[in-house]
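Text of query.pdb, listed as PDB, C-alpha atoms:
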```pdb
ATOM      1  CA  MET A  28     -14.021 -46.309  -9.737
ATOM      2  CA  PHE A  29     -10.576 -45.898 -11.305
ATOM      3  CA  GLY A  30     -12.036 -43.331 -13.699
ATOM      4  CA  CYS A  31     -13.360 -41.369 -10.731
ATOM      5  CA  LEU A  32      -9.944 -41.468  -9.026
ATOM      6  CA  ARG A  33      -8.300 -40.200 -12.199
ATOM      7  CA  LEU A  34     -10.723 -37.289 -12.332
ATOM      8  CA  ILE A  35     -10.015 -36.455  -8.685
ATOM      9  CA  ARG A  36      -6.256 -36.574  -9.302
ATOM     10  CA  ARG A  37      -6.618 -34.311 -12.326
ATOM     11  CA  ALA A  38      -8.774 -31.897 -10.361
ATOM     12  CA  VAL A  39      -6.249 -31.809  -7.511
ATOM     13  CA  THR A  40      -3.407 -31.282  -9.977
ATOM     14  CA  LEU A  41      -5.268 -28.461 -11.711
ATOM     15  CA  ILE A  42      -6.094 -26.758  -8.423
ATOM     16  CA  THR A  43      -2.473 -27.074  -7.299
ATOM     17  CA  VAL A  44      -1.214 -25.561 -10.551
ATOM     18  CA  VAL A  45      -3.680 -22.672 -10.283
ATOM     19  CA  ILE A  46      -2.676 -21.955  -6.673
ATOM     20  CA  LEU A  47       1.033 -22.077  -7.541
ATOM     21  CA  ALA A  48       0.514 -19.779 -10.543
ATOM     22  CA  PHE A  49      -1.541 -17.355  -8.432
ATOM     23  CA  THR A  50       1.153 -17.334  -5.754
ATOM     24  CA  ALA A  51       3.917 -16.806  -8.315
ATOM     25  CA  LEU A  52       1.977 -13.929  -9.884
ATOM     26  CA  ALA A  53       1.533 -12.235  -6.503
ATOM     27  CA  ALA A  54       5.172 -12.709  -5.508
ATOM     28  CA  GLY A  55       6.329 -11.463  -8.898
ATOM     29  CA  THR A  56       4.114  -8.387  -8.587
ATOM     30  CA  VAL A  57       5.503  -7.610  -5.127
ATOM     31  CA  VAL A  58       9.127  -8.009  -6.220
ATOM     32  CA  LEU A  59       8.678  -6.111  -9.488
ATOM     33  CA  ASN A  60       7.051  -3.147  -7.769
ATOM     34  CA  SER A  61       9.716  -3.157  -5.058
ATOM     35  CA  ARG A  62      12.230  -2.258  -7.783
ATOM     36  CA  LYS A  63      10.121   0.315  -9.627
ATOM     37  CA  HIS A  64      10.480   4.070  -9.331
ATOM     38  CA  ASP A  65       7.831   5.679 -11.482
ATOM     39  CA  THR A  66       8.561   9.249 -12.501
ATOM     40  CA  GLY A  67       5.340  10.280 -14.227
ATOM     41  CA  HIS A  68       3.622  13.375 -12.854
ATOM     42  CA  THR A  69       0.780  12.769 -10.389
ATOM     43  CA  ASP A  70      -1.531  14.955  -8.335
ATOM     44  CA  ALA A  71      -0.013  13.986  -4.992
ATOM     45  CA  ILE A  72       2.592  11.873  -3.228
ATOM     46  CA  VAL A  73       1.055   9.604  -0.580
ATOM     47  CA  VAL A  74       3.181   8.566   2.399
ATOM     48  CA  LEU A  75       1.664   5.548   4.113
ATOM     49  CA  GLY A  76       1.749   5.776   7.882
ATOM     50  CA  ALA A  77       3.835   3.878  10.391
ATOM     51  CA  ALA A  78       4.423   4.138  14.109
ATOM     52  CA  GLN A  79       5.309   7.409  15.800
ATOM     53  CA  TYR A  80       5.836   8.311  19.434
ATOM     54  CA  ALA A  81       4.494  11.592  20.806
ATOM     55  CA  GLY A  82       4.730  13.135  17.353
ATOM     56  CA  ARG A  83       8.189  11.793  16.616
ATOM     57  CA  PRO A  84       8.296   9.371  13.671
ATOM     58  CA  THR A  85      10.015   6.031  14.085
ATOM     59  CA  PRO A  86      12.979   5.406  11.742
ATOM     60  CA  LEU A  87      10.614   3.493   9.449
ATOM     61  CA  LEU A  88       8.185   6.399   9.073
ATOM     62  CA  ALA A  89      10.984   8.978   8.903
ATOM     63  CA  ASN A  90      12.550   7.033   6.045
ATOM     64  CA  ARG A  91       9.276   7.116   4.087
ATOM     65  CA  LEU A  92       8.891  10.835   4.741
ATOM     66  CA  ASP A  93      12.443  11.607   3.658
ATOM     67  CA  HIS A  94      11.882   9.669   0.454
ATOM     68  CA  ALA A  95       8.660  11.575  -0.217
ATOM     69  CA  ARG A  96      10.579  14.818   0.223
ATOM     70  CA  LEU A  97      13.046  13.655  -2.436
ATOM     71  CA  VAL A  98      10.212  12.698  -4.800
ATOM     72  CA  LEU A  99       8.656  16.136  -4.273
ATOM     73  CA  ARG A 100      11.926  17.828  -5.179
ATOM     74  CA  GLN A 101      12.104  15.759  -8.349
ATOM     75  CA  GLY A 102       8.883  17.462  -9.464
ATOM     76  CA  ILE A 103       6.820  14.274  -9.648
ATOM     77  CA  ALA A 104       4.072  16.018  -7.681
ATOM     78  CA  THR A 105       3.612  19.360  -5.963
ATOM     79  CA  ARG A 106       2.110  18.142  -2.695
ATOM     80  CA  ILE A 107       2.498  15.379  -0.131
ATOM     81  CA  ILE A 108      -0.340  13.588   1.645
ATOM     82  CA  THR A 109       0.536  11.966   4.966
ATOM     83  CA  VAL A 110      -1.953   9.408   6.207
ATOM     84  CA  GLY A 111      -2.518   7.400   9.355
ATOM     85  CA  GLY A 112      -4.604   7.505  12.503
ATOM     86  CA  LYS A 113      -3.875   7.092  16.199
ATOM     87  CA  ARG A 114      -2.964   3.957  18.082
ATOM     88  CA  PRO A 115      -3.856   3.452  21.762
ATOM     89  CA  GLY A 116      -1.864   5.910  23.844
ATOM     90  CA  ASP A 117      -0.900   8.192  20.960
ATOM     91  CA  THR A 118      -1.267  11.942  21.456
ATOM     92  CA  VAL A 119      -1.158  12.750  17.729
ATOM     93  CA  THR A 120      -1.929  10.823  14.550
ATOM     94  CA  GLU A 121       0.649   9.340  12.215
ATOM     95  CA  ALA A 122      -0.507  11.829   9.582
ATOM     96  CA  GLN A 123       0.051  14.802  11.887
ATOM     97  CA  ALA A 124       3.458  13.507  12.955
ATOM     98  CA  GLY A 125       4.378  13.212   9.282
ATOM     99  CA  VAL A 126       3.398  16.797   8.541
ATOM    100  CA  ARG A 127       5.360  18.091  11.530
ATOM    101  CA  TYR A 128       8.432  16.153  10.431
ATOM    102  CA  LEU A 129       8.259  17.440   6.866
ATOM    103  CA  ARG A 130       7.686  21.017   8.042
ATOM    104  CA  SER A 131      10.836  20.728  10.157
ATOM    105  CA  ARG A 132      12.678  19.609   6.993
ATOM    106  CA  GLY A 133      11.708  22.733   5.073
ATOM    107  CA  ILE A 134       8.545  21.657   3.249
ATOM    108  CA  SER A 135       6.004  24.476   3.278
ATOM    109  CA  ALA A 136       2.621  23.946   4.897
ATOM    110  CA  GLY A 137       0.875  24.682   1.599
ATOM    111  CA  ARG A 138       2.387  21.547   0.094
ATOM    112  CA  LEU A 139       1.297  19.247   2.922
ATOM    113  CA  ILE A 140      -2.036  17.566   3.620
ATOM    114  CA  ALA A 141      -2.644  15.394   6.684
ATOM    115  CA  VAL A 142      -5.285  12.678   6.418
ATOM    116  CA  PRO A 143      -5.553  11.581  10.076
ATOM    117  CA  ALA A 144      -7.361   8.314   9.446
ATOM    118  CA  GLY A 145      -6.562   4.693   8.782
ATOM    119  CA  SER A 146      -5.437   1.814  10.975
ATOM    120  CA  ASP A 147      -4.202  -0.429   8.147
ATOM    121  CA  THR A 148      -3.303  -0.155   4.482
ATOM    122  CA  TRP A 149      -6.863  -0.455   3.167
ATOM    123  CA  THR A 150      -8.468   2.097   5.490
ATOM    124  CA  SER A 151      -5.554   4.484   4.942
ATOM    125  CA  VAL A 152      -5.771   4.281   1.151
ATOM    126  CA  GLU A 153      -9.549   4.522   1.343
ATOM    127  CA  ALA A 154      -9.261   7.758   3.356
ATOM    128  CA  VAL A 155      -6.764   9.181   0.836
ATOM    129  CA  ALA A 156      -9.031   8.265  -2.078
ATOM    130  CA  ALA A 157     -11.915  10.127  -0.443
ATOM    131  CA  VAL A 158      -9.776  13.264  -0.088
ATOM    132  CA  CYS A 159      -8.564  12.987  -3.687
ATOM    133  CA  LYS A 160     -12.115  12.608  -4.980
ATOM    134  CA  LYS A 161     -13.241  15.659  -3.026
ATOM    135  CA  ARG A 162     -10.414  17.762  -4.472
ATOM    136  CA  GLY A 163     -10.747  16.443  -8.005
ATOM    137  CA  TRP A 164      -7.423  14.588  -8.026
ATOM    138  CA  SER A 165      -7.108  11.345  -9.948
ATOM    139  CA  SER A 166      -3.511  10.191  -9.575
ATOM    140  CA  VAL A 167      -1.053   9.452  -6.767
ATOM    141  CA  THR A 168       2.506   8.294  -6.218
ATOM    142  CA  ILE A 169       2.625   5.764  -3.389
ATOM    143  CA  VAL A 170       5.630   5.951  -1.066
ATOM    144  CA  SER A 171       6.226   3.077   1.333
ATOM    145  CA  ASP A 172       8.603   0.171   1.911
ATOM    146  CA  PRO A 173       9.622  -1.704  -1.268
ATOM    147  CA  ALA A 174       7.674  -4.887  -0.523
ATOM    148  CA  HIS A 175       4.576  -2.936   0.532
ATOM    149  CA  VAL A 176       3.970  -0.611  -2.417
ATOM    150  CA  ALA A 177       2.422  -3.222  -4.737
ATOM    151  CA  ARG A 178      -0.507  -3.917  -2.438
ATOM    152  CA  ALA A 179      -1.045  -0.254  -1.596
ATOM    153  CA  ALA A 180      -1.066   0.699  -5.278
ATOM    154  CA  ALA A 181      -3.489  -2.141  -6.097
ATOM    155  CA  MET A 182      -5.853  -0.799  -3.455
ATOM    156  CA  ALA A 183      -5.577   2.754  -4.767
ATOM    157  CA  ARG A 184      -6.428   1.552  -8.279
ATOM    158  CA  ARG A 185      -9.397  -0.397  -6.924
ATOM    159  CA  LEU A 186     -10.638   2.903  -5.491
ATOM    160  CA  GLY A 187     -10.412   4.646  -8.848
ATOM    161  CA  LEU A 188      -7.022   6.330  -8.631
ATOM    162  CA  ARG A 189      -4.210   6.089 -11.142
ATOM    163  CA  ALA A 190      -1.449   4.894  -8.852
ATOM    164  CA  GLN A 191       2.273   4.657  -9.428
ATOM    165  CA  VAL A 192       4.966   3.707  -6.925
ATOM    166  CA  SER A 193       8.208   5.066  -5.532
ATOM    167  CA  PRO A 194       9.490   2.741  -2.799
ATOM    168  CA  THR A 195      12.157   3.808  -0.334
ATOM    169  CA  VAL A 196      15.669   2.933  -1.446
ATOM    170  CA  GLY A 197      17.743   2.888   1.732
ATOM    171  CA  GLY A 198      17.406   2.808   5.489
ATOM    172  CA  SER A 199      14.729   1.339   7.695
ATOM    173  CA  GLY A 200      12.180  -0.925   6.020
ATOM    174  CA  THR A 201      13.919  -1.274   2.674
ATOM    175  CA  LYS A 202      15.163  -4.834   3.050
ATOM    176  CA  VAL A 203      13.173  -7.080   0.699
ATOM    177  CA  THR A 204      13.463 -10.302   2.657
ATOM    178  CA  ALA A 205      11.862 -13.604   1.712
ATOM    179  CA  ALA A 206       9.614 -13.375   4.772
ATOM    180  CA  TYR A 207       8.454  -9.856   3.869
ATOM    181  CA  VAL A 208       7.772 -10.857   0.256
ATOM    182  CA  ALA A 209       5.868 -13.947   1.407
ATOM    183  CA  ARG A 210       3.743 -11.917   3.823
ATOM    184  CA  GLU A 211       2.935  -9.254   1.261
ATOM    185  CA  SER A 212       2.250 -11.848  -1.444
ATOM    186  CA  VAL A 213      -0.334 -13.559   0.757
ATOM    187  CA  ALA A 214      -1.878 -10.177   1.627
ATOM    188  CA  LEU A 215      -1.994  -9.191  -2.045
ATOM    189  CA  MET A 216      -3.628 -12.483  -3.039
ATOM    190  CA  TRP A 217      -6.223 -12.005  -0.325
ATOM    191  CA  PHE A 218      -6.937  -8.506  -1.608
ATOM    192  CA  TRP A 219      -7.333  -9.765  -5.185
ATOM    193  CA  VAL A 220      -9.901 -12.292  -3.976
ATOM    194  CA  TRP A 221     -11.529  -9.959  -1.433
ATOM    195  CA  ARG A 222     -12.287  -7.179  -3.927
ATOM    196  CA  TRP A 223     -14.672  -9.470  -5.853
ATOM    197  CA  MET A 224     -16.555 -10.660  -2.773
ATOM    198  CA  PRO A 225     -20.082  -9.406  -1.948
ATOM    199  CA  GLU A 226     -20.214  -6.341   0.277
ATOM    200  CA  PRO A 227     -21.488  -8.214   3.387
ATOM    201  CA  VAL A 228     -18.492 -10.552   3.167
ATOM    202  CA  ARG A 229     -16.039  -7.681   2.607
ATOM    203  CA  SER A 230     -17.435  -5.854   5.637
ATOM    204  CA  ARG A 231     -16.984  -8.879   7.842
ATOM    205  CA  TRP A 232     -13.570  -9.869   6.507
ATOM    206  CA  PRO A 233     -11.640  -6.661   5.704
ATOM    207  CA  ALA A 234      -8.652  -6.576   3.333
TER     208      ALA A 234
END
```
Mind converting the file's structure to structure tokens?
Amino acid sequence: MFGCLRLIRRAVTLITVVILAFTALAAGTVVLNSRKHDTGHTDAIVVLGAAQYAGRPTPLLANRLDHARLVLRQGIATRIITVGGKRPGDTVTEAQAGVRYLRSRGISAGRLIAVPAGSDTWTSVEAVAAVCKKRGWSSVTIVSDPAHVARAAAMARRLGLRAQVSPTVGGSGTKVTAAYVARESVALMWFWVWRWMPEPVRSRWPA
């Protein structure tokens, strides 16, 4: 009996250590990527969507778009992809609002591609990957909030893209709080587990 209890205790200890290590790895990945600004050349800059109202980006989305404009001017890529669908009551998509905003800031239409799809990070990145595949592009620079880029880049890589990150550096959404890191760490861990699940399970429980 005592031998059985010892085995149970060891098993519980091992499981606890594994969970703690997994959590630490996810949190470390989120924090590390929040501080990265990759400068290698890629086929496109991808701005992940956020809320907009009647075509006018919220400060959060505007901050991402302004950062993408800076990355474009640095020559990291020659085009910007805006992505994001509609929410109930919206008259335009997040992607379309992004293109309008960037056009008003002097970016030519030929450098902008709207992907008006996606209601969350996974479906947005999935829609971008489909466009990239169709056009023969293989690499992207992900622009989003600092704590968010790690998960978005992991998803892009899962879909066959070479993904690097350039998180926003000031303004709305750039605060890397403990709560934001915790939320993104849990979401990243779920994605790591989810990607190895059978297709029926993935369909029922999306990332």
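Nearest residue to Gly125 of chain A among A:Val176, A:Ala89, A:Ala144, A:Leu97 is A:Ala89, counting all atoms listed in the file.
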> So what does the PyMOL selection byres ((chain A and resi 217) around 12) actually pick up in this one, as a ChimeraX atom specification?
Replying inline: /A:49-50,53,178,181-182,210-216,218-224,229,232-234
Around all listed atoms of segment 74-90 of chain A, padded 4 Å per side, what centre and edge lengths does the axis-aligned box have in Å to one decimal, as lines of an AutoDock Vina configuration file?
```
center_x = 7.3
center_y = 8.3
center_z = 11.6
size_x = 19.3
size_y = 17.6
size_z = 26.4
```
Quick one: which residues end up in the PyMOL selection byres ((chain A and resi 62) around 12) for this structure, as an mmCIF file with C-alpha atoms, in the frame of the given file?
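And here is the file that came out, out.cif:
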```cif
data_model
loop_
_atom_site.group_PDB
_atom_site.id
_atom_site.type_symbol
_atom_site.label_atom_id
_atom_site.label_comp_id
_atom_site.auth_asym_id
_atom_site.auth_seq_id
_atom_site.Cartn_x
_atom_site.Cartn_y
_atom_site.Cartn_z
ATOM 1 C CA GLY A 55 6.329 -11.463 -8.898
ATOM 2 C CA THR A 56 4.114 -8.387 -8.587
ATOM 3 C CA VAL A 57 5.503 -7.610 -5.127
ATOM 4 C CA VAL A 58 9.127 -8.009 -6.220
ATOM 5 C CA LEU A 59 8.678 -6.111 -9.488
ATOM 6 C CA ASN A 60 7.051 -3.147 -7.769
ATOM 7 C CA SER A 61 9.716 -3.157 -5.058
ATOM 8 C CA LYS A 63 10.121 0.315 -9.627
ATOM 9 C CA HIS A 64 10.480 4.070 -9.331
ATOM 10 C CA ASP A 65 7.831 5.679 -11.482
ATOM 11 C CA ASP A 172 8.603 0.171 1.911
ATOM 12 C CA PRO A 173 9.622 -1.704 -1.268
ATOM 13 C CA ALA A 174 7.674 -4.887 -0.523
ATOM 14 C CA HIS A 175 4.576 -2.936 0.532
ATOM 15 C CA VAL A 176 3.970 -0.611 -2.417
ATOM 16 C CA ALA A 177 2.422 -3.222 -4.737
ATOM 17 C CA VAL A 192 4.966 3.707 -6.925
ATOM 18 C CA SER A 193 8.208 5.066 -5.532
ATOM 19 C CA PRO A 194 9.490 2.741 -2.799
ATOM 20 C CA THR A 195 12.157 3.808 -0.334
ATOM 21 C CA VAL A 196 15.669 2.933 -1.446
ATOM 22 C CA THR A 201 13.919 -1.274 2.674
ATOM 23 C CA LYS A 202 15.163 -4.834 3.050
ATOM 24 C CA VAL A 203 13.173 -7.080 0.699
#
```
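The set of residues that the PyMOL selection byres ((chain A and resi 106-119) around 6) takes from this file is Ala71, Ile72, Val73, Val74, Leu75, Gly76, Ala81, Gly82, Ala104, Thr105, Thr120, Glu121, Ala122, Gly125, Arg138, Leu139, Ile140, Ala141, Val142, Pro143, Ala144, Gly145 and Ser146 of chain A.
Among the candidates A:Leu129, A:Ala54, A:Ile134, A:Ala78, the one nearest to Ala209 of chain A when counting only C-alpha atoms is A:Ala54.
Taking atom CA of His68 of chain A and atom CA of Asn90 of chain A as endpoints, the distance between them is 21.8 Å.
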> In Å, with one decimal, what is the gap from atom CA of Tyr207 of chain A to atom CA of Gln79 of chain A?
Replying inline: 21.2 Å
